[in-house]
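With compact mmCIF, C-alpha atoms inside, this is query-v4.txt:
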# COMPACT_ATOMS: atom_id res chain seq x y z
CA MET R 1 92.43 119.25 110.21
CA SER R 2 89.52 116.81 110.16
CA ASN R 3 89.63 113.06 110.55
CA GLU R 4 87.98 112.64 107.16
CA PRO R 5 90.04 110.82 104.55
CA PHE R 6 91.80 113.13 102.12
CA SER R 7 89.89 113.99 98.95
CA LEU R 8 91.52 115.93 96.14
CA ASP R 9 88.08 116.69 94.71
CA THR R 10 87.01 118.27 98.01
CA ALA R 11 90.22 120.32 98.20
CA ILE R 12 89.64 121.55 94.65
CA GLU R 13 86.02 122.46 95.33
CA GLU R 14 86.88 124.30 98.55
CA ARG R 15 89.65 126.31 96.84
CA ALA R 16 87.53 127.12 93.77
CA VAL R 17 84.79 128.64 95.93
CA VAL R 18 87.16 131.15 97.53
CA ASP R 19 89.66 131.77 94.71
CA ALA R 20 88.38 133.19 91.42
CA ASP R 21 91.77 132.86 89.69
CA PHE R 22 91.99 129.19 90.64
CA GLN R 23 88.46 128.63 89.30
CA THR R 24 89.40 130.43 86.10
CA GLY R 25 92.45 128.19 85.77
CA LEU R 26 90.25 125.12 86.19
CA ASP R 27 87.87 126.42 83.54
CA TRP R 28 90.70 127.04 81.07
CA GLN R 29 92.28 123.68 81.82
CA GLN R 30 89.02 121.76 81.41
CA THR R 31 88.44 123.38 78.03
CA GLY R 32 91.88 122.47 76.67
CA HIS R 33 93.66 125.80 77.10
CA PRO R 34 96.72 125.00 79.24
CA GLU R 35 98.60 128.27 78.59
CA GLU R 36 95.65 130.34 79.80
CA ALA R 37 95.19 127.96 82.72
CA ALA R 38 98.84 128.41 83.70
CA GLU R 39 98.41 132.19 83.67
CA ALA R 40 95.35 131.97 85.93
CA PHE R 41 97.04 129.53 88.33
CA LYS R 42 100.08 131.84 88.44
CA ARG R 43 97.79 134.71 89.50
CA ALA R 44 96.33 132.45 92.19
CA LEU R 45 99.87 131.67 93.36
CA ASP R 46 100.66 135.36 93.56
CA ALA R 47 97.90 135.60 96.17
CA ASP R 48 98.75 132.33 97.94
CA PRO R 49 102.30 131.12 97.21
CA ASP R 50 102.08 128.46 99.94
CA SER R 51 99.30 126.37 98.36
CA ALA R 52 100.45 122.89 97.34
CA LEU R 53 97.16 122.48 95.49
CA ILE R 54 97.67 125.53 93.29
CA TRP R 55 101.32 124.64 92.61
CA THR R 56 100.18 121.18 91.50
CA PHE R 57 97.60 122.57 89.10
CA TYR R 58 100.15 125.06 87.83
CA ALA R 59 102.49 122.11 87.19
CA TRP R 60 99.76 120.26 85.28
CA ALA R 61 99.11 123.31 83.12
CA LEU R 62 102.82 123.78 82.43
CA ALA R 63 103.22 120.12 81.51
CA ALA R 64 100.21 120.29 79.20
CA SER R 65 101.79 123.36 77.59
CA GLY R 66 104.97 121.38 76.91
CA ASP R 67 107.06 122.83 79.74
CA SER R 68 108.05 119.65 81.59
CA HIS R 69 110.98 121.33 83.34
CA GLY R 70 108.72 124.10 84.63
CA ALA R 71 106.27 121.41 85.77
CA ILE R 72 109.06 119.67 87.69
CA ALA R 73 109.96 122.92 89.43
CA ALA R 74 106.30 123.59 90.28
CA CYS R 75 105.90 120.09 91.75
CA ARG R 76 108.96 120.67 93.90
CA ARG R 77 107.40 123.91 95.14
CA ALA R 78 104.17 122.06 95.95
CA ILE R 79 106.14 119.49 97.94
CA ALA R 80 107.97 122.29 99.77
CA CYS R 81 104.56 123.65 100.78
CA ASP R 82 103.24 120.25 101.92
CA ALA R 83 105.57 117.25 102.00
CA GLU R 84 102.52 114.96 102.34
CA TRP R 85 100.96 116.24 99.08
CA GLY R 86 101.00 112.94 97.18
CA GLN R 87 99.72 114.26 93.88
CA ALA R 88 102.78 116.46 93.51
CA TRP R 89 105.11 113.56 94.34
CA ASN R 90 103.36 111.33 91.80
CA ASP R 91 103.33 114.00 89.10
CA LEU R 92 106.98 114.79 89.77
CA GLY R 93 107.80 111.12 89.12
CA GLU R 94 105.84 111.21 85.88
CA TYR R 95 107.52 114.41 84.67
CA LEU R 96 110.97 113.09 85.59
CA MET R 97 110.32 110.02 83.46
CA ASP R 98 108.97 112.23 80.65
CA THR R 99 112.27 114.11 80.61
CA GLY R 100 114.45 110.99 80.61
CA ARG R 101 115.32 111.15 84.31
CA GLU R 102 113.95 107.73 85.21
CA SER R 103 116.67 107.11 87.81
CA GLU R 104 115.23 109.96 89.91
CA ALA R 105 111.62 108.83 89.56
CA LEU R 106 111.46 105.69 91.72
CA PHE R 107 111.92 107.47 95.05
CA VAL R 108 109.32 110.14 94.33
CA ILE R 109 106.72 107.66 93.09
CA ARG R 110 107.20 105.53 96.20
CA ARG R 111 106.96 108.68 98.30
CA ALA R 112 103.61 109.46 96.67
CA LEU R 113 102.31 106.08 97.80
CA LYS R 114 103.18 106.92 101.42
CA SER R 115 101.69 110.42 101.40
CA ARG R 116 98.76 111.24 103.66
CA HIS R 117 97.28 113.77 101.24
CA PHE R 118 96.82 111.48 98.25
CA ASP R 119 93.66 109.73 97.15
CA ALA R 120 94.84 108.25 93.84
CA PRO R 121 97.42 105.56 94.63
CA HIS R 122 96.38 103.69 91.50
CA LEU R 123 97.98 106.50 89.46
CA ALA R 124 101.25 106.10 91.35
CA GLN R 125 101.08 102.36 90.72
CA MET R 126 100.69 103.08 87.00
CA ASN R 127 103.78 105.29 87.12
CA LEU R 128 105.58 102.56 89.03
CA ALA R 129 104.63 100.08 86.29
CA ARG R 130 105.94 102.51 83.70
CA TYR R 131 109.19 102.89 85.65
CA TYR R 132 109.66 99.10 85.88
CA LEU R 133 108.95 98.72 82.17
CA HIS R 134 111.69 101.21 81.45
CA GLN R 135 114.01 99.22 83.71
CA GLY R 136 113.13 96.01 81.87
CA SER R 137 111.47 94.35 84.84
CA MET R 138 108.29 92.99 83.29
CA ARG R 139 107.20 91.04 86.38
CA ARG R 140 107.45 94.09 88.65
CA ALA R 141 105.68 96.20 86.04
CA LEU R 142 102.88 93.64 85.85
CA ALA R 143 102.58 93.54 89.65
CA ALA R 144 102.30 97.35 89.78
CA ALA R 145 99.68 97.42 87.00
CA ARG R 146 97.67 94.72 88.78
CA GLN R 147 97.93 96.66 92.03
CA ALA R 148 96.52 99.70 90.20
CA GLU R 149 93.64 97.50 89.01
CA GLN R 150 92.94 96.38 92.58
CA LEU R 151 93.07 99.91 93.94
CA ALA R 152 90.71 101.25 91.26
CA PRO R 153 88.50 98.47 89.90
CA GLY R 154 87.35 99.28 86.40
CA PHE R 155 90.26 101.67 85.73
CA ARG R 156 90.74 100.81 82.06
CA PRO R 157 94.32 102.04 81.64
CA ALA R 158 95.46 99.66 84.40
CA GLU R 159 93.51 96.78 82.90
CA LYS R 160 94.93 97.44 79.44
CA LEU R 161 98.50 97.81 80.72
CA ALA R 162 98.33 94.63 82.81
CA ARG R 163 96.92 92.73 79.85
CA TRP R 164 99.58 94.12 77.49
CA ILE R 165 102.43 93.22 79.86
CA ASP R 166 101.02 89.74 80.47
CA GLU R 167 100.66 89.14 76.72
CA ARG R 168 104.23 90.31 76.03
CA MET R 169 105.61 88.12 78.82
CA ARG R 170 103.85 85.09 77.35
CA GLU R 171 104.77 85.97 73.76
CA TRP R 172 108.42 86.58 74.61
CA ASN R 173 108.59 83.75 77.17
CA ILE R 174 109.75 86.14 79.91
CA ARG R 175 109.88 84.83 83.45
CA ASP R 176 112.03 87.51 85.09

In structure tokens, what does this structure look like?
Amino acid sequence: MSNEPFSLDTAIEERAVVDADFQTGLDWQQTGHPEEAAEAFKRALDADPDSALIWTFYAWALAASGDSHGAIAACRRAIACDAEWGQAWNDLGEYLMDTGRESEALFVIRRALKSRHFDAPHLAQMNLARYYLHQGSMRRALAAARQAEQLAPGFRPAEKLARWIDERMREWNIRD
């Protein structure tokens, strides 16, 4: 393994060059066809069942197809392949929240933030903000949204969420 910082984009590019099914899955996913993408990623997994990257993309395709429970299972398989695969931890937290299992999400989102193979901590901070909103902790949610802004300057969803939370806190006179 190199000393270069982890890059999901690089991992995707390297896999796509050597795996036609993975590339096909990417093509289907990028054109808005998640069911076809899932089929292609499944074929890629048949050839390499130990790839955290492919399991993560399979999870994304399943989630986009409406199969959140399948996406949760695929994320868990990705994590079993590489416990430092932060994207799978983060996505697992998101899918758990999507299925009403917020109480399980906090640990996995925090685990994403500690993962060595994760280059998008701003996304985990956004999920953390979402978790805290669900818990009713506006101040913690605002702190997480602002952290996402700092980690990815110009990331509009973080800016909008931080602004929305701040406005609600002022409007509702919340000081939690």

* **Between CA of His117 (chain R) and CA of Arg101 (chain R), distance in Å (one decimal)** => 24.9 Å

* **Coordinates-based distance that separates CA of Tyr132 (chain R) from CA of Asp82 (chain R) (Å, one decimal)** =>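 These atoms are spaced 27.3 Å apart.
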
* Compile the contact shell of Ala44 (chain R) as a PyMOL selection string: residues with an atom at most 12 Å away, counting all atoms listed in the file, same-chain residues fewer than 6 positions apart removed. => chain R and resi 15-16+18-26+37-38+50-58

Selection from above, C-alpha atoms, as a PDB file, keeping the file's coordinate frame, can you write it?
ATOM      1  CA  ARG R  15      89.650 126.310  96.840  1.00  0.00           C
ATOM      2  CA  ALA R  16      87.530 127.120  93.770  1.00  0.00           C
ATOM      3  CA  VAL R  18      87.160 131.150  97.530  1.00  0.00           C
ATOM      4  CA  ASP R  19      89.660 131.770  94.710  1.00  0.00           C
ATOM      5  CA  ALA R  20      88.380 133.190  91.420  1.00  0.00           C
ATOM      6  CA  ASP R  21      91.770 132.860  89.690  1.00  0.00           C
ATOM      7  CA  PHE R  22      91.990 129.190  90.640  1.00  0.00           C
ATOM      8  CA  GLN R  23      88.460 128.630  89.300  1.00  0.00           C
ATOM      9  CA  THR R  24      89.400 130.430  86.100  1.00  0.00           C
ATOM     10  CA  GLY R  25      92.450 128.190  85.770  1.00  0.00           C
ATOM     11  CA  LEU R  26      90.250 125.120  86.190  1.00  0.00           C
ATOM     12  CA  ALA R  37      95.190 127.960  82.720  1.00  0.00           C
ATOM     13  CA  ALA R  38      98.840 128.410  83.700  1.00  0.00           C
ATOM     14  CA  ASP R  50     102.080 128.460  99.940  1.00  0.00           C
ATOM     15  CA  SER R  51      99.300 126.370  98.360  1.00  0.00           C
ATOM     16  CA  ALA R  52     100.450 122.890  97.340  1.00  0.00           C
ATOM     17  CA  LEU R  53      97.160 122.480  95.490  1.00  0.00           C
ATOM     18  CA  ILE R  54      97.670 125.530  93.290  1.00  0.00           C
ATOM     19  CA  TRP R  55     101.320 124.640  92.610  1.00  0.00           C
ATOM     20  CA  THR R  56     100.180 121.180  91.500  1.00  0.00           C
ATOM     21  CA  PHE R  57      97.600 122.570  89.100  1.00  0.00           C
ATOM     22  CA  TYR R  58     100.150 125.060  87.830  1.00  0.00           C
TER      23      TYR R  58
END

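Nearest-residue note for Ala112 (chain R): choosing from R:Ala129, R:Val17, R:Ala83, R:Leu96, the minimum distance belongs to R:Ala83, counting all atoms listed in the file.
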
* In Å, how far is it from CA of Ala105 (chain R) to CA of His134 (chain R)? -> 11.1 Å

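If you measure from each of R:Asp119, R:Pro49, R:Leu62, R:Asp91 to Asp9 (chain R) using all atoms listed in the file, the closest one turns out to be R:Asp119.
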
* To do: Might you pull out every residue within 8 Å of Leu123 (chain R), with all atoms listed in the file counted and same-chain residues fewer than 3 positions away left off, and present them as number ranges by chain?
  => R: 90, 120, 126-127, 148

Could I see region 53-76 of chain R restored to N, CA and C atoms, set down as a compact mmCIF listing (two decimals), in the frame of the given file?
# COMPACT_ATOMS: atom_id res chain seq x y z
N LEU R 53 98.18 122.76 96.50
CA LEU R 53 97.16 122.48 95.49
C LEU R 53 97.36 123.34 94.25
N ILE R 54 97.52 124.63 94.44
CA ILE R 54 97.67 125.53 93.29
C ILE R 54 98.97 125.23 92.56
N TRP R 55 100.06 124.98 93.27
CA TRP R 55 101.32 124.64 92.61
C TRP R 55 101.16 123.39 91.75
N THR R 56 100.39 122.41 92.25
CA THR R 56 100.18 121.18 91.50
C THR R 56 99.40 121.44 90.22
N PHE R 57 98.36 122.24 90.31
CA PHE R 57 97.60 122.57 89.10
C PHE R 57 98.43 123.41 88.14
N TYR R 58 99.24 124.28 88.67
CA TYR R 58 100.15 125.06 87.83
C TYR R 58 101.10 124.11 87.09
N ALA R 59 101.61 123.11 87.81
CA ALA R 59 102.49 122.11 87.19
C ALA R 59 101.77 121.38 86.07
N TRP R 60 100.53 120.96 86.32
CA TRP R 60 99.76 120.26 85.28
C TRP R 60 99.61 121.14 84.04
N ALA R 61 99.29 122.40 84.26
CA ALA R 61 99.11 123.31 83.12
C ALA R 61 100.42 123.51 82.36
N LEU R 62 101.52 123.65 83.09
CA LEU R 62 102.82 123.78 82.43
C LEU R 62 103.16 122.53 81.63
N ALA R 63 102.93 121.37 82.22
CA ALA R 63 103.22 120.12 81.51
C ALA R 63 102.36 120.01 80.25
N ALA R 64 101.10 120.36 80.36
CA ALA R 64 100.21 120.29 79.20
C ALA R 64 100.60 121.30 78.13
N SER R 65 101.30 122.35 78.53
CA SER R 65 101.79 123.36 77.59
C SER R 65 103.14 122.97 76.99
N GLY R 66 103.69 121.84 77.44
CA GLY R 66 104.97 121.38 76.91
C GLY R 66 106.17 121.79 77.74
N ASP R 67 105.95 122.39 78.89
CA ASP R 67 107.06 122.83 79.74
C ASP R 67 107.26 121.84 80.89
N SER R 68 107.84 120.68 80.57
CA SER R 68 108.05 119.65 81.59
C SER R 68 109.00 120.11 82.69
N HIS R 69 110.02 120.87 82.33
CA HIS R 69 110.98 121.33 83.34
C HIS R 69 110.32 122.32 84.30
N GLY R 70 109.48 123.20 83.77
CA GLY R 70 108.72 124.10 84.63
C GLY R 70 107.77 123.32 85.53
N ALA R 71 107.17 122.25 84.99
CA ALA R 71 106.27 121.41 85.77
C ALA R 71 107.03 120.73 86.91
N ILE R 72 108.24 120.29 86.64
CA ILE R 72 109.06 119.67 87.69
C ILE R 72 109.33 120.67 88.81
N ALA R 73 109.70 121.88 88.43
CA ALA R 73 109.96 122.92 89.43
C ALA R 73 108.70 123.23 90.24
N ALA R 74 107.56 123.30 89.58
CA ALA R 74 106.30 123.59 90.28
C ALA R 74 105.94 122.46 91.24
N CYS R 75 106.16 121.21 90.84
CA CYS R 75 105.90 120.09 91.75
C CYS R 75 106.80 120.18 92.98
N ARG R 76 108.04 120.54 92.76
CA ARG R 76 108.96 120.67 93.90
C ARG R 76 108.50 121.78 94.84
